[in-house]
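Below is coords.tsv, which holds TSV, C-alpha atoms and all ligand atoms.
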```
chain	number	residue	atom	x	y	z
G	108	MET	CA	-43.90	-37.90	9.03
G	109	MET	CA	-41.65	-40.90	9.51
G	110	ARG	CA	-39.14	-40.86	12.28
G	111	VAL	CA	-36.34	-43.08	13.48
G	112	ARG	CA	-34.42	-42.89	16.74
G	113	VAL	CA	-31.68	-44.94	18.28
G	114	LEU	CA	-32.23	-45.36	21.99
G	115	PRO	CA	-29.67	-45.73	24.75
G	116	PRO	CA	-28.22	-47.73	26.35
G	117	ASP	CA	-28.25	-50.67	23.90
G	118	GLY	CA	-29.03	-48.91	20.61
G	119	THR	CA	-32.58	-50.15	20.15
G	120	ILE	CA	-34.09	-48.70	16.99
G	121	CYS	CA	-37.42	-47.01	17.44
G	122	ALA	CA	-39.16	-46.10	14.18
G	123	THR	CA	-42.54	-44.49	13.78
G	124	ALA	CA	-44.61	-43.88	10.65
G	125	PRO	CA	-48.14	-42.67	9.98
G	126	ARG	CA	-50.55	-45.59	10.20
G	127	TRP	CA	-51.31	-45.86	6.49
G	128	SER	CA	-47.78	-45.38	5.14
G	129	PRO	CA	-47.11	-47.82	2.33
G	130	ARG	CA	-44.79	-50.62	3.45
G	131	LYS	CA	-42.46	-49.82	0.58
G	132	ALA	CA	-42.08	-46.21	1.70
G	133	VAL	CA	-41.21	-47.32	5.23
G	134	ILE	CA	-38.58	-49.75	4.00
G	135	GLU	CA	-37.14	-47.09	1.71
G	136	PHE	CA	-37.10	-44.56	4.54
G	137	LEU	CA	-35.19	-46.97	6.76
G	138	SER	CA	-32.75	-48.20	4.13
G	139	ASP	CA	-31.90	-44.60	3.26
G	140	ARG	CA	-30.88	-44.20	6.86
G	141	TYR	CA	-29.10	-47.52	7.21
G	142	GLU	CA	-25.60	-46.07	7.49
G	143	TRP	CA	-26.76	-43.34	9.82
G	144	MET	CA	-28.43	-45.93	12.07
G	145	GLN	CA	-25.30	-48.07	12.21
G	146	LYS	CA	-23.23	-45.06	13.22
G	147	ALA	CA	-25.82	-43.97	15.77
G	148	ILE	CA	-25.99	-47.46	17.30
G	149	HIS	CA	-22.23	-47.54	17.60
G	150	LYS	CA	-22.19	-44.10	19.21
G	151	VAL	CA	-24.87	-44.99	21.75
G	152	GLN	CA	-23.24	-48.32	22.62
G	153	SER	CA	-19.81	-46.80	23.11
G	154	ARG	CA	-21.05	-44.34	25.72
G	155	PRO	CA	-20.07	-45.17	29.25
G	156	ARG	CA	-22.98	-47.06	30.75
G	157	PRO	CA	-24.51	-46.04	34.04
G	158	ILE	CA	-23.28	-48.30	36.80
G	159	GLN	CA	-25.84	-50.60	38.39
G	160	LEU	CA	-26.18	-49.27	41.90
G	161	ASN	CA	-27.21	-51.22	44.93
G	162	TYR	CA	-27.75	-48.00	46.95
G	163	SER	CA	-25.74	-49.36	49.82
G	164	GLU	CA	-23.03	-48.09	52.15
G	165	GLY	CA	-19.92	-46.69	50.49
G	166	GLU	CA	-21.20	-46.45	46.92
G	167	GLN	CA	-20.61	-43.31	44.88
G	168	VAL	CA	-23.63	-41.41	43.61
G	169	LEU	CA	-23.79	-38.27	41.52
G	170	LEU	CA	-25.46	-35.02	42.45
G	171	PHE	CA	-25.20	-32.36	39.73
G	172	GLY	CA	-22.11	-33.99	38.28
G	173	THR	CA	-20.23	-34.33	41.58
G	174	PRO	CA	-19.69	-37.78	43.08
G	175	TYR	CA	-20.65	-38.20	46.73
G	176	THR	CA	-20.27	-41.18	49.02
G	177	LEU	CA	-23.52	-42.80	49.97
G	178	HIS	CA	-24.01	-43.76	53.61
G	179	THR	CA	-26.80	-45.81	55.07
G	180	GLN	CA	-28.02	-45.51	58.60
G	181	LEU	CA	-30.93	-47.19	60.36
G	182	VAL	CA	-33.72	-44.94	61.58
G	183	VAL	CA	-34.59	-45.01	65.24
G	184	SER	CA	-37.87	-46.72	66.14
G	185	LYS	CA	-40.75	-44.65	64.69
G	186	GLU	CA	-38.69	-42.24	62.63
G	187	LYS	CA	-39.59	-42.11	58.93
G	188	ALA	CA	-37.08	-43.03	56.25
G	189	HIS	CA	-35.39	-39.89	54.92
G	190	VAL	CA	-32.24	-38.50	53.33
G	191	SER	CA	-29.68	-36.11	54.72
G	192	PHE	CA	-26.95	-34.25	52.86
G	193	ASP	CA	-24.09	-32.43	54.55
G	194	GLY	CA	-22.22	-31.27	51.46
G	195	GLN	CA	-19.76	-34.16	51.79
G	196	SER	CA	-21.91	-37.24	51.68
G	197	ILE	CA	-25.48	-38.34	51.20
G	198	THR	CA	-26.99	-40.45	53.96
G	199	LEU	CA	-30.01	-42.67	53.49
G	200	HIS	CA	-31.79	-43.11	56.80
G	201	ILE	CA	-33.54	-46.38	56.26
G	202	LYS	CA	-35.67	-48.92	58.05
G	203	PRO	CA	-34.11	-52.30	58.80
G	204	ASP	CA	-34.37	-54.76	55.89
G	205	SER	CA	-35.17	-52.00	53.38
G	206	SER	CA	-35.08	-53.32	49.83
G	207	ARG	CA	-32.87	-52.01	47.03
G	208	GLU	CA	-36.04	-50.52	45.47
G	209	ALA	CA	-36.92	-48.71	48.68
G	210	ARG	CA	-33.41	-47.26	48.93
G	211	ALA	CA	-33.49	-46.28	45.27
G	212	ALA	CA	-36.87	-44.58	45.73
G	213	LEU	CA	-35.52	-42.69	48.73
G	214	LEU	CA	-32.57	-41.35	46.76
G	215	GLN	CA	-34.88	-40.47	43.85
G	216	SER	CA	-37.05	-38.41	46.20
G	217	PHE	CA	-33.94	-36.55	47.34
G	218	TYR	CA	-32.94	-35.99	43.69
G	219	LYS	CA	-36.41	-34.71	42.88
G	220	GLU	CA	-36.34	-32.22	45.72
G	221	ARG	CA	-32.87	-30.93	44.78
G	222	LEU	CA	-33.61	-30.72	41.08
G	223	SER	CA	-36.87	-28.95	41.72
G	224	MET	CA	-35.01	-26.28	43.71
G	225	VAL	CA	-32.39	-25.79	41.02
G	226	VAL	CA	-34.90	-25.72	38.15
G	227	THR	CA	-37.03	-23.19	40.03
G	228	VAL	CA	-34.06	-20.86	40.44
G	229	TYR	CA	-33.08	-21.10	36.75
G	230	MET	CA	-36.67	-20.73	35.56
G	231	ASN	CA	-37.26	-17.65	37.70
G	232	ASP	CA	-34.09	-16.13	36.34
G	233	TYR	CA	-35.03	-16.75	32.70
G	234	GLN	CA	-38.64	-15.73	33.28
G	235	SER	CA	-37.47	-12.26	34.20
G	236	LYS	CA	-34.87	-12.16	31.41
G	237	LEU	CA	-37.41	-13.28	28.81
G	238	SER	CA	-40.23	-11.31	30.45
G	239	CYS	CA	-42.52	-14.30	30.16
G	240	ALA	CA	-45.21	-15.67	32.42
G	241	PRO	CA	-44.20	-18.49	34.77
G	242	ILE	CA	-44.24	-21.90	33.10
G	243	PRO	CA	-45.42	-24.79	35.27
G	244	PHE	CA	-43.10	-27.80	35.31
G	245	ARG	CA	-43.03	-31.37	36.53
G	246	ILE	CA	-40.14	-33.71	37.20
G	247	LEU	CA	-40.60	-37.26	35.95
G	248	ARG	CA	-38.49	-40.25	35.02
G	249	ARG	CA	-37.94	-40.30	31.29
G	250	LYS	CA	-36.05	-42.79	29.18
G	251	SER	CA	-34.64	-40.82	26.30
G	252	VAL	CA	-35.23	-37.09	26.70
G	253	TRP	CA	-33.90	-34.54	29.18
G	254	GLY	CA	-36.88	-32.25	28.81
G	255	THR	CA	-40.13	-31.74	26.91
G	256	TYR	CA	-42.07	-28.57	26.26
G	257	ASN	CA	-45.79	-29.11	25.86
G	258	VAL	CA	-47.22	-26.40	23.59
G	259	ARG	CA	-50.85	-27.17	24.37
G	260	SER	CA	-50.55	-26.98	28.15
G	261	ARG	CA	-47.61	-24.54	28.07
G	262	SER	CA	-45.75	-26.67	30.57
G	263	ILE	CA	-42.42	-28.45	30.82
G	264	ILE	CA	-41.43	-31.93	31.94
G	265	PHE	CA	-37.87	-32.32	33.17
G	266	ASN	CA	-36.15	-35.68	33.43
G	267	LEU	CA	-35.37	-36.65	37.01
G	268	ALA	CA	-31.94	-37.85	35.83
G	269	LEU	CA	-30.97	-34.18	35.40
G	270	ALA	CA	-30.21	-34.24	39.15
G	271	GLN	CA	-27.09	-36.21	38.23
G	272	VAL	CA	-25.69	-33.97	35.47
G	273	PRO	CA	-23.56	-30.82	35.92
G	274	LEU	CA	-25.52	-27.67	36.75
G	275	GLU	CA	-24.49	-25.90	33.55
G	276	CYS	CA	-26.23	-28.70	31.62
G	277	VAL	CA	-29.38	-28.42	33.75
G	278	GLN	CA	-29.39	-24.70	33.02
G	279	TYR	CA	-29.01	-25.45	29.31
G	280	VAL	CA	-32.03	-27.79	29.35
G	281	VAL	CA	-34.10	-25.19	31.23
G	282	LEU	CA	-33.37	-22.46	28.71
G	283	HIS	CA	-33.79	-24.88	25.79
G	284	GLU	CA	-37.29	-25.93	26.90
G	285	MET	CA	-38.27	-22.37	27.75
G	286	THR	CA	-37.16	-21.21	24.30
G	287	HIS	CA	-39.65	-23.65	22.78
G	288	GLN	CA	-42.47	-21.35	23.91
G	289	TYR	CA	-41.38	-19.00	21.10
G	290	VAL	CA	-39.96	-21.38	18.51
G	291	HIS	CA	-41.18	-24.92	18.17
G	292	ALA	CA	-38.48	-26.28	15.83
G	293	HIS	CA	-34.75	-26.52	16.38
G	294	ASN	CA	-34.02	-24.00	13.64
G	295	ALA	CA	-31.73	-20.99	13.24
G	296	GLU	CA	-34.14	-18.71	15.05
G	297	PHE	CA	-34.30	-21.12	17.96
G	298	TYR	CA	-30.53	-21.22	18.38
G	299	GLN	CA	-30.25	-17.46	17.92
G	300	ARG	CA	-32.58	-17.03	20.85
G	301	MET	CA	-30.53	-19.53	22.88
G	302	SER	CA	-27.28	-17.72	22.07
G	303	ALA	CA	-28.68	-14.41	23.21
G	304	PHE	CA	-28.92	-15.69	26.79
G	305	MET	CA	-26.39	-18.54	26.74
G	306	PRO	CA	-23.55	-17.94	24.26
G	307	ASP	CA	-21.86	-21.25	25.19
G	308	TRP	CA	-24.95	-23.47	24.84
G	309	LYS	CA	-23.12	-25.63	22.28
G	310	GLN	CA	-20.45	-26.75	24.75
G	311	ARG	CA	-23.10	-27.45	27.35
G	312	ARG	CA	-25.08	-29.53	24.90
G	313	ALA	CA	-21.92	-31.42	23.93
G	314	THR	CA	-21.27	-32.25	27.61
G	315	LEU	CA	-24.84	-33.45	28.01
G	316	LYS	CA	-24.51	-35.68	24.96
G	317	THR	CA	-21.68	-37.62	26.59
G	318	ILE	CA	-23.94	-38.57	29.49
G	319	SER	CA	-26.23	-41.59	29.38
G	320	ILE	CA	-29.56	-41.27	31.10
G	321	ALA	CA	-29.52	-43.59	34.11
G	322	HIS	CA	-32.72	-45.59	34.41
N	1	ZN	ZN	-35.98	-29.07	21.88
```
Show the structure stored in the file as C-alpha cells.
Amino acid sequence: MMRVRVLPPDGTICATAPRWSPRKAVIEFLSDRYEWMQKAIHKVQSRPRPIQLNYSEGEQVLLFGTPYTLHTQLVVSKEKAHVSFDGQSITLHIKPDSSREARAALLQSFYKERLSMVVTVYMNDYQSKLSCAPIPFRILRRKSVWGTYNVRSRSIIFNLALAQVPLECVQYVVLHEMTHQYVHAHNAEFYQRMSAFMPDWKQRRATLKTISIAH
C-alpha cells in the first residue's frame, strides 16, 4: 500500500511505497494527491510553531495545557539536579554551568513522570470500563504521532509531548489507543466504540489537531 504524509512543522512530504512498485504507479499516486498535499502543507505550516525554549529563568512552559513560569535554582553542593513543582511554578534545581540540553532533559524527566501518572489513572479507569486486561505502555519522544498501539506486543507508546497538551486530549489519546485493541482501523465501528465512552471525542481530537508536537 502506498502512503503519503505531510509532517510538521515545515510540511515535509513523507511517501512510502512497497519496494517493487512501478515508478509510474508511484508518480500517479502522488500526482493524484497533489492538491491534497498542497493543502496539507499549508495547514501544517500555518499552525503556531512551538517556541524555541532556552529552559532558563522566567520562561513559560506548558504542563497539560496550562502555562507555568520556569524558575532555575542552583543545587547545594552534592545535591542532585531535580525538579520541583508547587502548583504555581516549575523550578529546575540545576548544577552550576548546566547546559541547555541538561536543563531540557531535566524538564523532560519531570514531564515523563507527570504524564506517566496521568496516563496510569486514565488507563486504569478505562481498563475497568472496558473490562480488559492491563495494557503495558511506554512514554517516548515521537515526531509525528501522539500514540501508537502495537497489536503484536499488545502495548502502547505515548508521545512525551502529551505532557504539554490539555488533559482532555491526553484522555482522548488514551482511549483512542486502547480502542485499537478491538478495532485496528479508524472505521465506523472504531468511532462507535469511542463514542460509547467519550461522546465528545471529536472536539477533543479537534483541539489536539491545533497543537504542534514540540520536538
Ligand atoms: Zn489510531
I'd like the contact shell of G:Ala240 - 12 Å cut-off, only C-alpha atoms, skipping same-chain residues fewer than 6 positions apart - returned as a compact mmCIF listing (two decimals) with C-alpha atoms, keeping the file's coordinate frame.
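Result went into selection21.txt, see below:
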```
# COMPACT_ATOMS: atom_id res chain seq x y z
CA MET G 230 -36.67 -20.73 35.56
CA ASN G 231 -37.26 -17.65 37.70
CA ASP G 232 -34.09 -16.13 36.34
CA TYR G 233 -35.03 -16.75 32.70
CA GLN G 234 -38.64 -15.73 33.28
CA ARG G 261 -47.61 -24.54 28.07
CA SER G 262 -45.75 -26.67 30.57
CA MET G 285 -38.27 -22.37 27.75
CA GLN G 288 -42.47 -21.35 23.91
```
Exercise. Which residues form the shell of 12 Å around ligand ZN 1 (chain N) when you count all atoms listed in the file, given as a PyMOL selection string?
Worked result: chain G and resi 252-258+263-265+279-294+297-298+301+312
Could you dump the residues just selected with C-alpha atoms as a PDB file, keeping the file's coordinate frame?
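This went into selection.pdb:
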```
ATOM      1  CA  VAL G 252     -35.230 -37.090  26.700  1.00  0.00           C
ATOM      2  CA  TRP G 253     -33.900 -34.540  29.180  1.00  0.00           C
ATOM      3  CA  GLY G 254     -36.880 -32.250  28.810  1.00  0.00           C
ATOM      4  CA  THR G 255     -40.130 -31.740  26.910  1.00  0.00           C
ATOM      5  CA  TYR G 256     -42.070 -28.570  26.260  1.00  0.00           C
ATOM      6  CA  ASN G 257     -45.790 -29.110  25.860  1.00  0.00           C
ATOM      7  CA  VAL G 258     -47.220 -26.400  23.590  1.00  0.00           C
ATOM      8  CA  ILE G 263     -42.420 -28.450  30.820  1.00  0.00           C
ATOM      9  CA  ILE G 264     -41.430 -31.930  31.940  1.00  0.00           C
ATOM     10  CA  PHE G 265     -37.870 -32.320  33.170  1.00  0.00           C
ATOM     11  CA  TYR G 279     -29.010 -25.450  29.310  1.00  0.00           C
ATOM     12  CA  VAL G 280     -32.030 -27.790  29.350  1.00  0.00           C
ATOM     13  CA  VAL G 281     -34.100 -25.190  31.230  1.00  0.00           C
ATOM     14  CA  LEU G 282     -33.370 -22.460  28.710  1.00  0.00           C
ATOM     15  CA  HIS G 283     -33.790 -24.880  25.790  1.00  0.00           C
ATOM     16  CA  GLU G 284     -37.290 -25.930  26.900  1.00  0.00           C
ATOM     17  CA  MET G 285     -38.270 -22.370  27.750  1.00  0.00           C
ATOM     18  CA  THR G 286     -37.160 -21.210  24.300  1.00  0.00           C
ATOM     19  CA  HIS G 287     -39.650 -23.650  22.780  1.00  0.00           C
ATOM     20  CA  GLN G 288     -42.470 -21.350  23.910  1.00  0.00           C
ATOM     21  CA  TYR G 289     -41.380 -19.000  21.100  1.00  0.00           C
ATOM     22  CA  VAL G 290     -39.960 -21.380  18.510  1.00  0.00           C
ATOM     23  CA  HIS G 291     -41.180 -24.920  18.170  1.00  0.00           C
ATOM     24  CA  ALA G 292     -38.480 -26.280  15.830  1.00  0.00           C
ATOM     25  CA  HIS G 293     -34.750 -26.520  16.380  1.00  0.00           C
ATOM     26  CA  ASN G 294     -34.020 -24.000  13.640  1.00  0.00           C
ATOM     27  CA  PHE G 297     -34.300 -21.120  17.960  1.00  0.00           C
ATOM     28  CA  TYR G 298     -30.530 -21.220  18.380  1.00  0.00           C
ATOM     29  CA  MET G 301     -30.530 -19.530  22.880  1.00  0.00           C
ATOM     30  CA  ARG G 312     -25.080 -29.530  24.900  1.00  0.00           C
TER      31      ARG G 312
END
```
Exercise. Can you tell me how far atom CA of G:Ser238 sits from atom CA of G:Asn266, in Å to one decimal?
Worked result: 24.9 Å
Near stretch 155-178 of chain G, 8 Å: stretch 220-283 of chain G residue rows, closest pairs, only C-alpha atoms, as JSON lines:
```
{"residue": "G:Leu269", "atom": "CA", "partner": "G:Phe171", "partner_atom": "CA", "distance": 7.4}
{"residue": "G:Ala270", "atom": "CA", "partner": "G:Phe171", "partner_atom": "CA", "distance": 5.4}
{"residue": "G:Gln271", "atom": "CA", "partner": "G:Phe171", "partner_atom": "CA", "distance": 4.5}
{"residue": "G:Val272", "atom": "CA", "partner": "G:Gly172", "partner_atom": "CA", "distance": 4.6}
{"residue": "G:Pro273", "atom": "CA", "partner": "G:Gly172", "partner_atom": "CA", "distance": 4.2}
{"residue": "G:Leu274", "atom": "CA", "partner": "G:Phe171", "partner_atom": "CA", "distance": 5.6}
```
Any chance you could export the current selection's C-alpha atoms as a PDB file, in the frame of the given file?
```pdb
ATOM      1  CA  LEU G 269     -30.970 -34.180  35.400  1.00  0.00           C
ATOM      2  CA  ALA G 270     -30.210 -34.240  39.150  1.00  0.00           C
ATOM      3  CA  GLN G 271     -27.090 -36.210  38.230  1.00  0.00           C
ATOM      4  CA  VAL G 272     -25.690 -33.970  35.470  1.00  0.00           C
ATOM      5  CA  PRO G 273     -23.560 -30.820  35.920  1.00  0.00           C
ATOM      6  CA  LEU G 274     -25.520 -27.670  36.750  1.00  0.00           C
TER       7      LEU G 274
END
```
Exercise. In Å, how far is it from atom CA of G:Val182 to atom CA of G:Leu214?
Worked result: 15.3 Å
Exercise. Contacts of G:Glu186 at 12 Å or less, counting all atoms listed in the file, minus same-chain residues fewer than 5 places along, as a PyMOL selection string?
Worked result: chain G and resi 180-181+200-203
For this session: Go through G:His149, G:Arg154, G:Arg248, G:Lys236 and flag the residue nearest G:Phe304, using all atoms listed in the file for the distances.
Result: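 When distances to G:Phe304 are compared using all atoms listed in the file, the smallest one comes from G:Lys236.
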